[in-house]
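The data block below is upload33.cif; it holds mmCIF, C-alpha atoms.
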data_start
#
loop_
_atom_site.group_PDB
_atom_site.id
_atom_site.type_symbol
_atom_site.label_atom_id
_atom_site.label_comp_id
_atom_site.auth_asym_id
_atom_site.auth_seq_id
_atom_site.Cartn_x
_atom_site.Cartn_y
_atom_site.Cartn_z
ATOM 1 C CA MET A 1 22.850 -20.337 -0.375
ATOM 2 C CA SER A 2 21.856 -16.694 0.032
ATOM 3 C CA VAL A 3 18.366 -15.749 1.130
ATOM 4 C CA PRO A 4 16.704 -12.407 0.327
ATOM 5 C CA ILE A 5 15.868 -10.076 3.184
ATOM 6 C CA VAL A 6 12.158 -9.286 3.096
ATOM 7 C CA HIS A 7 10.608 -6.299 4.866
ATOM 8 C CA ARG A 8 6.900 -5.951 5.561
ATOM 9 C CA ASN A 9 5.460 -2.537 6.482
ATOM 10 C CA GLU A 10 2.037 -0.928 6.772
ATOM 11 C CA TYR A 11 1.394 2.546 5.400
ATOM 12 C CA GLN A 12 -1.636 4.808 5.495
ATOM 13 C CA LEU A 13 -3.094 5.400 2.039
ATOM 14 C CA VAL A 14 -3.346 9.137 1.350
ATOM 15 C CA ASN A 15 -4.210 9.173 -2.360
ATOM 16 C CA ILE A 16 -4.109 7.188 -5.583
ATOM 17 C CA ASP A 17 -2.536 9.130 -8.440
ATOM 18 C CA GLU A 18 -1.911 7.917 -12.000
ATOM 19 C CA GLY A 19 -1.654 4.272 -10.989
ATOM 20 C CA PHE A 20 0.550 4.825 -7.938
ATOM 21 C CA LEU A 21 -0.301 4.651 -4.235
ATOM 22 C CA ASN A 22 0.520 7.788 -2.252
ATOM 23 C CA LEU A 23 1.376 6.431 1.184
ATOM 24 C CA MET A 24 2.288 8.006 4.522
ATOM 25 C CA CYS A 25 5.067 6.455 6.589
ATOM 26 C CA ASN A 26 4.933 6.252 10.393
ATOM 27 C CA ASP A 27 7.329 9.215 10.630
ATOM 28 C CA GLY A 28 5.004 11.384 8.501
ATOM 29 C CA SER A 29 7.087 11.256 5.332
ATOM 30 C CA SER A 30 5.458 10.303 2.055
ATOM 31 C CA LYS A 31 6.078 7.333 -0.199
ATOM 32 C CA ASP A 32 4.702 7.434 -3.722
ATOM 33 C CA ASP A 33 6.639 4.865 -5.724
ATOM 34 C CA VAL A 34 4.459 1.770 -5.269
ATOM 35 C CA LYS A 35 2.118 0.879 -8.109
ATOM 36 C CA VAL A 36 -1.517 0.011 -7.527
ATOM 37 C CA PRO A 37 -1.552 -3.799 -7.758
ATOM 38 C CA GLU A 38 -3.294 -5.444 -10.679
ATOM 39 C CA GLY A 39 -6.344 -7.650 -10.359
ATOM 40 C CA ASP A 40 -8.817 -7.964 -7.523
ATOM 41 C CA LEU A 41 -6.508 -6.470 -4.886
ATOM 42 C CA GLY A 42 -6.010 -3.269 -6.868
ATOM 43 C CA ARG A 43 -9.744 -2.961 -7.538
ATOM 44 C CA GLU A 44 -10.553 -3.502 -3.844
ATOM 45 C CA ILE A 45 -8.079 -0.812 -2.777
ATOM 46 C CA GLN A 46 -9.385 1.644 -5.390
ATOM 47 C CA ASN A 47 -13.072 0.983 -4.610
ATOM 48 C CA ASN A 48 -12.666 1.285 -0.834
ATOM 49 C CA PHE A 49 -10.570 4.434 -1.211
ATOM 50 C CA ASP A 50 -13.210 5.927 -3.537
ATOM 51 C CA GLU A 51 -15.841 5.187 -0.860
ATOM 52 C CA GLY A 52 -13.882 7.437 1.508
ATOM 53 C CA LYS A 53 -12.521 4.731 3.791
ATOM 54 C CA ASP A 54 -9.194 5.236 5.575
ATOM 55 C CA LEU A 55 -6.981 2.345 4.501
ATOM 56 C CA LEU A 56 -3.732 0.793 5.657
ATOM 57 C CA VAL A 57 -1.811 -0.931 2.870
ATOM 58 C CA THR A 58 0.766 -3.647 3.562
ATOM 59 C CA ILE A 59 3.876 -3.445 1.380
ATOM 60 C CA ILE A 60 6.578 -6.081 1.126
ATOM 61 C CA SER A 61 10.005 -5.225 -0.186
ATOM 62 C CA ALA A 62 12.839 -7.489 -1.249
ATOM 63 C CA LEU A 63 15.647 -7.295 -3.792
ATOM 64 C CA ASN A 64 14.867 -3.619 -4.547
ATOM 65 C CA GLU A 65 11.270 -4.474 -5.480
ATOM 66 C CA GLU A 66 8.116 -3.401 -3.619
ATOM 67 C CA GLN A 67 4.566 -4.687 -3.914
ATOM 68 C CA ALA A 68 1.285 -4.079 -2.125
ATOM 69 C CA ILE A 69 0.030 -7.424 -0.832
ATOM 70 C CA SER A 70 -2.983 -6.547 1.328
ATOM 71 C CA TRP A 71 -5.056 -3.759 2.818
ATOM 72 C CA LYS A 72 -7.327 -3.214 5.776
ATOM 73 C CA GLU A 73 -9.502 -0.424 7.035
ATOM 74 C CA ALA A 74 -7.620 1.808 9.458
ATOM 75 C CA PRO A 75 -8.868 1.786 13.045
ATOM 76 C CA LYS A 76 -10.983 4.803 13.926
ATOM 77 C CA GLY A 77 -8.919 7.630 15.359
ATOM 78 C CA SER A 78 -5.672 6.722 13.599
#

Will you turn the file into structure tokens for me?
Amino acid sequence: MSVPIVHRNEYQLVNIDEGFLNLMCNDGSSKDDVKVPEGDLGREIQNNFDEGKDLLVTIISALNEEQAISWKEAPKGS
């Protein structure tokens, strides 16, 4: 039986543009191919971003698919 390899990474949210999250990787490069999740999670991310909070978004990736699964407020000074 084969098992998918799942990666879990946190990215800093830079912007939300046309339904996609604009994220910054740890190396400073940008990632803008992850959709804003539907439902409560997507609304929470959008509302907190609109309030001017610095957010970290957790993305899981497996089988060439990526999805935001959670967020948290970035620590001050990050």

Handout entry: Answer key for the PyMOL selection byres ((chain A and resi 68) around 10), residues as a PyMOL selection string
Key = chain A and resi 8-10+21+34-38+41-42+45+57-61+66-67+69-71

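Minimum distance to A:Ala74 across A:Tyr11, A:Asn26, A:Gly19, A:Arg43 (counting all atoms listed in the file) occurs at A:Tyr11.
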
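A straight-line distance of 21.9 Å separates atom CA of A:Ile5 from atom CA of A:Asp32.
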
Take the PyMOL selection byres ((chain A and resi 49) around 12), run it mentally on this structure, and tell me the resulting residues as an mmCIF file with C-alpha atoms, in the frame of the given file.
data_model
loop_
_atom_site.group_PDB
_atom_site.id
_atom_site.type_symbol
_atom_site.label_atom_id
_atom_site.label_comp_id
_atom_site.auth_asym_id
_atom_site.auth_seq_id
_atom_site.Cartn_x
_atom_site.Cartn_y
_atom_site.Cartn_z
ATOM 1 C CA GLN A 12 -1.636 4.808 5.495
ATOM 2 C CA LEU A 13 -3.094 5.400 2.039
ATOM 3 C CA VAL A 14 -3.346 9.137 1.350
ATOM 4 C CA ASN A 15 -4.210 9.173 -2.360
ATOM 5 C CA ILE A 16 -4.109 7.188 -5.583
ATOM 6 C CA ASP A 17 -2.536 9.130 -8.440
ATOM 7 C CA LEU A 21 -0.301 4.651 -4.235
ATOM 8 C CA ASN A 22 0.520 7.788 -2.252
ATOM 9 C CA VAL A 36 -1.517 0.011 -7.527
ATOM 10 C CA GLY A 42 -6.010 -3.269 -6.868
ATOM 11 C CA ARG A 43 -9.744 -2.961 -7.538
ATOM 12 C CA GLU A 44 -10.553 -3.502 -3.844
ATOM 13 C CA ILE A 45 -8.079 -0.812 -2.777
ATOM 14 C CA GLN A 46 -9.385 1.644 -5.390
ATOM 15 C CA ASN A 47 -13.072 0.983 -4.610
ATOM 16 C CA ASN A 48 -12.666 1.285 -0.834
ATOM 17 C CA ASP A 50 -13.210 5.927 -3.537
ATOM 18 C CA GLU A 51 -15.841 5.187 -0.860
ATOM 19 C CA GLY A 52 -13.882 7.437 1.508
ATOM 20 C CA LYS A 53 -12.521 4.731 3.791
ATOM 21 C CA ASP A 54 -9.194 5.236 5.575
ATOM 22 C CA LEU A 55 -6.981 2.345 4.501
ATOM 23 C CA LEU A 56 -3.732 0.793 5.657
ATOM 24 C CA VAL A 57 -1.811 -0.931 2.870
ATOM 25 C CA TRP A 71 -5.056 -3.759 2.818
ATOM 26 C CA LYS A 72 -7.327 -3.214 5.776
ATOM 27 C CA GLU A 73 -9.502 -0.424 7.035
ATOM 28 C CA ALA A 74 -7.620 1.808 9.458
#

Could you give me the axis-aligned bounding box of stretch 47-60 of chain A, with 3 Å of padding per side, as centre plus edge lengths in Å to one decimal, as lines of an AutoDock Vina configuration file?
center_x = -4.6
center_y = 0.7
center_z = 0.5
size_x = 28.4
size_y = 19.5
size_z = 16.3

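If you look at atom CA of A:Pro75 and atom CA of A:Lys31, they are 20.7 Å away from each other.
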
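The closest residue to A:Val3, picked from A:Ser29, A:Ala62, A:Glu18, A:Leu23 and counting only C-alpha atoms, is A:Ala62.
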
Handout entry: Among listed residues A:Lys76, A:Ser30, A:Gly39, A:Pro4, nearest A:Asn64 (using only C-alpha atoms)
Key = A:Pro4
